[in-house]
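A.B. asks: Quick one: the structure is below, and I'll ask about it shortly.
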Amino acid sequence: MLDWLTTTVKRVRSETPTVKTFTLALPPGSQPYRAGQHYDLRLVAPDGYQAQRSYSIASPPEQVGEVELTVERLDDGEVSTYLHDVVVPGDHLEVRGPLGGYFVWEARRATLPLLLVAGGSGVAPLMAMLRHRAAAGVRLPTRLLYSARTLDDVIFREELGRLTAGDPTLEVAITLTRAQPTGWRGFARRIDAALLREIATPLGSPVTAYVCGPTLLVEAAADALIQIGFAPEHVLTERFGPTGTL
Amino acid sequence: MDWTEKDFNDAQRLDGNAAAGLLEQCFGADITANLVQCGSCGREGPLGALHAYIRTPGLVLRCIQCSAVMVRVVETPDAIYLDAQGLTFLRLPVTYASE
């Protein structure tokens, strides 16, 4: 039985104007987590009122003893606003996990090329997979298609650049849906079947796909992948709900 | 986009994965990777891939093929009620100790 753990916030890092990564120290003997899993996090007010949310793990399993949760601040969010506006290193946060046995990628068990499709903060669990892949030295052909509103909203941009620079088997394609900087040579539209086909085709077939982000984006992308020939059992999804940041 | 009530409901949809914590409390283990079969249409697949709705009274998991309700979980102050009548089975892998 998984109990609620009290963790200590080690670091808080701003990734974008609306996204922060919280590094939490896990108690010794905590169950190791896998890339793709999440923790439930709960806040308890002095009057006993509780608010609970699930946050995907962004750190790889190799980062033993701590876990990174990359959280987008939602203006009407009960928990995300508290995390962003109030929490500082040294604070304590209650979490339960790691949870999720379905949306998981393990480097040592993987045999197929990998397609990762991210919408906004949905990149978090996919980043755990990419960090785990790099740490494990796996060179299966891998492509990330990442949809964000503007370049400033692209989380982990520099790290993604470093990961691809050292690894010809990894490619990252970014599509900016709301505004593009002058001279932008990446994609500039919402993810559709044609875009997915262009990204996925060089990976061959079969390919395992992980899709994560706002629900509507995830469903459109998953439907499109099946439309272009992916087997349904090779398309795994993690819907984040109605955070409309496509 | 003109939002209908259906659009609002669709945008709220999550994966069965979102129920991992609550179901772990029920079963003492994470069952999101476990195989389930829909009692209405017979479709088999991992529980984590079902459609989950959490802004209902309690949590509802629906079949992704026929939308039938497969699992309902309701929390009360002193109990969790699990209604799994929409499943024909939930598979729980077991390893038996060798003789």
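Simple scheme: letters A, B, ... for chains in structure tokens order, numbers from 1 for residues in each chain, numbers from 1 for ligands in the order shown.
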Contacts of Ala188 of chain A at 8 Å or less, counting only C-alpha atoms, minus same-chain residues fewer than 5 places along, as a ChimeraX atom specification?

C.D. replies: /A:175-180

A.B. asks: Which residues of chain A are close to chain B, meaning at most 6 Å apart when you count only C-alpha atoms, and how do they look as a list of chain:residue names?

C.D. replies: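 Using only C-alpha atoms, chain A residues at most 6 Å from chain B: A:Met1, A:Leu99, A:Gly100, A:Gly101, A:Tyr102, A:Thr215, A:Leu216, A:Arg239, A:Gly241, A:Pro242.
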
A.B. asks: Can you measure atom CA of Arg108 of chain A to atom CA of Cys212 of chain A for me? One decimal in Å is fine.

C.D. replies: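 It comes out at 21.9 Å.
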
A.B. asks: Please return as number ranges by chain: the residues of segment 7-130 of chain A that backbone DSSP assigns to alpha helix (DSSP H).

C.D. replies: A: 78-85, 123-130

A.B. asks: Contacts of Ala45 of chain A at 12 Å or less, counting only C-alpha atoms, minus same-chain residues fewer than 4 places along, as an NGL selection string?

C.D. replies: :A and (49-52 or 78-79 or 82)

A.B. asks: Emit the selected residues as a short mmCIF file (atom, residue, chain, number, x, y, z; two decimals), in the first residue's frame, including N, CA and C atoms.

C.D. replies:
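Result file follows (part_29.cif):
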```cif
data_model
loop_
_atom_site.label_atom_id
_atom_site.label_comp_id
_atom_site.auth_asym_id
_atom_site.auth_seq_id
_atom_site.Cartn_x
_atom_site.Cartn_y
_atom_site.Cartn_z
N TYR A 49 -9.17 21.30 4.78
CA TYR A 49 -9.55 21.23 3.36
C TYR A 49 -8.37 20.66 2.56
N GLN A 50 -8.68 19.71 1.66
CA GLN A 50 -7.63 19.08 0.88
C GLN A 50 -7.83 19.32 -0.60
N ALA A 51 -6.74 19.53 -1.29
CA ALA A 51 -6.77 19.58 -2.75
C ALA A 51 -5.68 18.64 -3.25
N GLN A 52 -6.00 17.87 -4.25
CA GLN A 52 -5.07 16.85 -4.73
C GLN A 52 -5.00 16.88 -6.24
N GLU A 78 -6.03 25.41 -8.28
CA GLU A 78 -5.94 25.48 -6.83
C GLU A 78 -4.55 25.11 -6.35
N VAL A 79 -3.99 24.07 -6.95
CA VAL A 79 -2.71 23.54 -6.48
C VAL A 79 -1.55 24.21 -7.21
N TYR A 82 -0.62 27.60 -5.86
CA TYR A 82 0.08 27.50 -4.58
C TYR A 82 1.53 27.10 -4.78
#
```

A.B. asks: In Å to one decimal, how far is atom CA of Glu94 of chain A from atom CA of Thr8 of chain A?

C.D. replies: 8.8 Å

A.B. asks: Taking the backbone alone, and naming residues the way the document does, which bits of chain B are strand (DSSP E or B) by DSSP, as a PyMOL selection string?

C.D. replies: chain B and resi 14-15+35-38+44-46+51-56+58-62+69-76+79-83+87-90

A.B. asks: Just to be explicit: take each residue in the selection above, keep N, CA and C atoms, and write the result as an mmCIF file, in the first residue's frame.

C.D. replies:
```
data_model
loop_
_atom_site.group_PDB
_atom_site.id
_atom_site.type_symbol
_atom_site.label_atom_id
_atom_site.label_comp_id
_atom_site.auth_asym_id
_atom_site.auth_seq_id
_atom_site.Cartn_x
_atom_site.Cartn_y
_atom_site.Cartn_z
ATOM 1 N N LEU B 14 -9.861 11.935 -19.200
ATOM 2 C CA LEU B 14 -8.491 11.544 -18.868
ATOM 3 C C LEU B 14 -8.318 10.066 -19.207
ATOM 4 N N ASP B 15 -7.126 9.539 -18.918
ATOM 5 C CA ASP B 15 -6.900 8.108 -19.090
ATOM 6 C C ASP B 15 -7.104 7.408 -17.748
ATOM 7 N N LEU B 35 -5.014 -6.122 -17.390
ATOM 8 C CA LEU B 35 -5.981 -6.348 -18.459
ATOM 9 C C LEU B 35 -7.398 -6.377 -17.887
ATOM 10 N N VAL B 36 -8.313 -5.701 -18.569
ATOM 11 C CA VAL B 36 -9.727 -5.756 -18.203
ATOM 12 C C VAL B 36 -10.534 -6.039 -19.469
ATOM 13 N N GLN B 37 -11.720 -6.606 -19.274
ATOM 14 C CA GLN B 37 -12.614 -6.827 -20.415
ATOM 15 C C GLN B 37 -13.943 -6.126 -20.168
ATOM 16 N N CYS B 38 -14.443 -5.458 -21.191
ATOM 17 C CA CYS B 38 -15.712 -4.734 -21.095
ATOM 18 C C CYS B 38 -16.875 -5.723 -21.091
ATOM 19 N N GLU B 44 -11.003 -6.021 -24.863
ATOM 20 C CA GLU B 44 -9.978 -6.190 -23.832
ATOM 21 C C GLU B 44 -8.868 -5.167 -24.004
ATOM 22 N N GLY B 45 -8.317 -4.698 -22.895
ATOM 23 C CA GLY B 45 -7.189 -3.774 -22.962
ATOM 24 C C GLY B 45 -6.751 -3.406 -21.561
ATOM 25 N N PRO B 46 -5.640 -2.665 -21.436
ATOM 26 C CA PRO B 46 -5.190 -2.279 -20.096
ATOM 27 C C PRO B 46 -6.127 -1.257 -19.464
ATOM 28 N N HIS B 51 -11.154 5.347 -20.744
ATOM 29 C CA HIS B 51 -11.505 6.756 -20.611
ATOM 30 C C HIS B 51 -11.938 7.027 -19.177
ATOM 31 N N ALA B 52 -11.314 8.021 -18.541
ATOM 32 C CA ALA B 52 -11.613 8.321 -17.144
ATOM 33 C C ALA B 52 -12.250 9.693 -17.031
ATOM 34 N N TYR B 53 -13.254 9.764 -16.208
ATOM 35 C CA TYR B 53 -13.927 11.038 -15.941
ATOM 36 C C TYR B 53 -13.873 11.239 -14.438
ATOM 37 N N ILE B 54 -13.223 12.331 -14.007
ATOM 38 C CA ILE B 54 -13.063 12.505 -12.562
ATOM 39 C C ILE B 54 -13.910 13.636 -12.001
ATOM 40 N N ARG B 55 -14.551 14.401 -12.867
ATOM 41 C CA ARG B 55 -15.393 15.466 -12.319
ATOM 42 C C ARG B 55 -16.838 15.038 -12.247
ATOM 43 N N THR B 56 -17.018 13.789 -11.930
ATOM 44 C CA THR B 56 -18.354 13.221 -11.710
ATOM 45 C C THR B 56 -18.440 12.994 -10.212
ATOM 46 N N GLY B 58 -17.545 11.029 -7.736
ATOM 47 C CA GLY B 58 -16.667 9.868 -7.825
ATOM 48 C C GLY B 58 -15.969 9.850 -9.170
ATOM 49 N N LEU B 59 -15.446 8.702 -9.509
ATOM 50 C CA LEU B 59 -14.642 8.562 -10.712
ATOM 51 C C LEU B 59 -15.259 7.469 -11.570
ATOM 52 N N VAL B 60 -15.267 7.673 -12.858
ATOM 53 C CA VAL B 60 -15.878 6.706 -13.770
ATOM 54 C C VAL B 60 -14.868 6.320 -14.839
ATOM 55 N N LEU B 61 -14.759 5.039 -15.099
ATOM 56 C CA LEU B 61 -13.935 4.543 -16.203
ATOM 57 C C LEU B 61 -14.858 3.930 -17.244
ATOM 58 N N ARG B 62 -14.695 4.368 -18.495
ATOM 59 C CA ARG B 62 -15.555 3.891 -19.565
ATOM 60 C C ARG B 62 -14.759 3.139 -20.622
ATOM 61 N N VAL B 69 -19.976 2.167 -19.032
ATOM 62 C CA VAL B 69 -19.291 2.362 -17.763
ATOM 63 C C VAL B 69 -18.738 1.022 -17.306
ATOM 64 N N MET B 70 -17.435 0.984 -17.064
ATOM 65 C CA MET B 70 -16.817 -0.264 -16.622
ATOM 66 C C MET B 70 -16.555 -0.251 -15.125
ATOM 67 N N VAL B 71 -16.083 0.883 -14.616
ATOM 68 C CA VAL B 71 -15.768 0.972 -13.186
ATOM 69 C C VAL B 71 -16.262 2.304 -12.662
ATOM 70 N N ARG B 72 -16.801 2.273 -11.461
ATOM 71 C CA ARG B 72 -17.192 3.512 -10.764
ATOM 72 C C ARG B 72 -16.562 3.452 -9.389
ATOM 73 N N VAL B 73 -15.951 4.528 -8.948
ATOM 74 C CA VAL B 73 -15.367 4.561 -7.602
ATOM 75 C C VAL B 73 -15.865 5.812 -6.904
ATOM 76 N N VAL B 74 -16.391 5.641 -5.721
ATOM 77 C CA VAL B 74 -16.897 6.771 -4.945
ATOM 78 C C VAL B 74 -16.225 6.767 -3.580
ATOM 79 N N GLU B 75 -15.705 7.920 -3.176
ATOM 80 C CA GLU B 75 -15.091 8.044 -1.849
ATOM 81 C C GLU B 75 -16.072 8.704 -0.901
ATOM 82 N N THR B 76 -16.241 8.113 0.287
ATOM 83 C CA THR B 76 -17.014 8.743 1.348
ATOM 84 C C THR B 76 -16.046 8.978 2.505
ATOM 85 N N ALA B 79 -15.078 5.378 3.711
ATOM 86 C CA ALA B 79 -15.028 4.179 2.862
ATOM 87 C C ALA B 79 -14.804 4.571 1.410
ATOM 88 N N ILE B 80 -14.331 3.605 0.650
ATOM 89 C CA ILE B 80 -14.286 3.726 -0.815
ATOM 90 C C ILE B 80 -15.229 2.662 -1.364
ATOM 91 N N TYR B 81 -16.157 3.062 -2.211
ATOM 92 C CA TYR B 81 -17.064 2.109 -2.859
ATOM 93 C C TYR B 81 -16.572 1.871 -4.279
ATOM 94 N N LEU B 82 -16.338 0.622 -4.602
ATOM 95 C CA LEU B 82 -15.884 0.252 -5.940
ATOM 96 C C LEU B 82 -16.971 -0.573 -6.627
ATOM 97 N N ASP B 83 -17.468 -0.067 -7.740
ATOM 98 C CA ASP B 83 -18.476 -0.779 -8.537
ATOM 99 C C ASP B 83 -17.799 -1.189 -9.841
ATOM 100 N N LEU B 87 -17.243 -4.741 -15.782
ATOM 101 C CA LEU B 87 -16.142 -5.592 -16.260
ATOM 102 C C LEU B 87 -16.613 -7.030 -16.333
ATOM 103 N N THR B 88 -16.134 -7.790 -17.316
ATOM 104 C CA THR B 88 -16.283 -9.242 -17.186
ATOM 105 C C THR B 88 -15.120 -9.780 -16.369
ATOM 106 N N PHE B 89 -13.938 -9.167 -16.542
ATOM 107 C CA PHE B 89 -12.840 -9.546 -15.642
ATOM 108 C C PHE B 89 -11.819 -8.438 -15.519
ATOM 109 N N LEU B 90 -11.084 -8.524 -14.410
ATOM 110 C CA LEU B 90 -9.861 -7.771 -14.193
ATOM 111 C C LEU B 90 -8.786 -8.820 -13.955
#
```

A.B. asks: Mind pulling up the distance from atom CA of Trp105 of chain A to atom CA of Phe240 of chain A?

C.D. replies: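 According to the coordinates, atom CA of Phe240 of chain A and atom CA of Trp105 of chain A are separated by 18.1 Å.
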
A.B. asks: Name all residues at most 10 Å from Ala118 of chain A (count only C-alpha atoms; drop same-chain ones fewer than 6 positions away) and give them as JSON, numbers by chain.

C.D. replies: {"A": [124, 125, 126, 127, 144, 145, 146, 147, 148, 174, 191, 210, 211, 212, 213, 214, 217, 218, 221, 238, 246]}
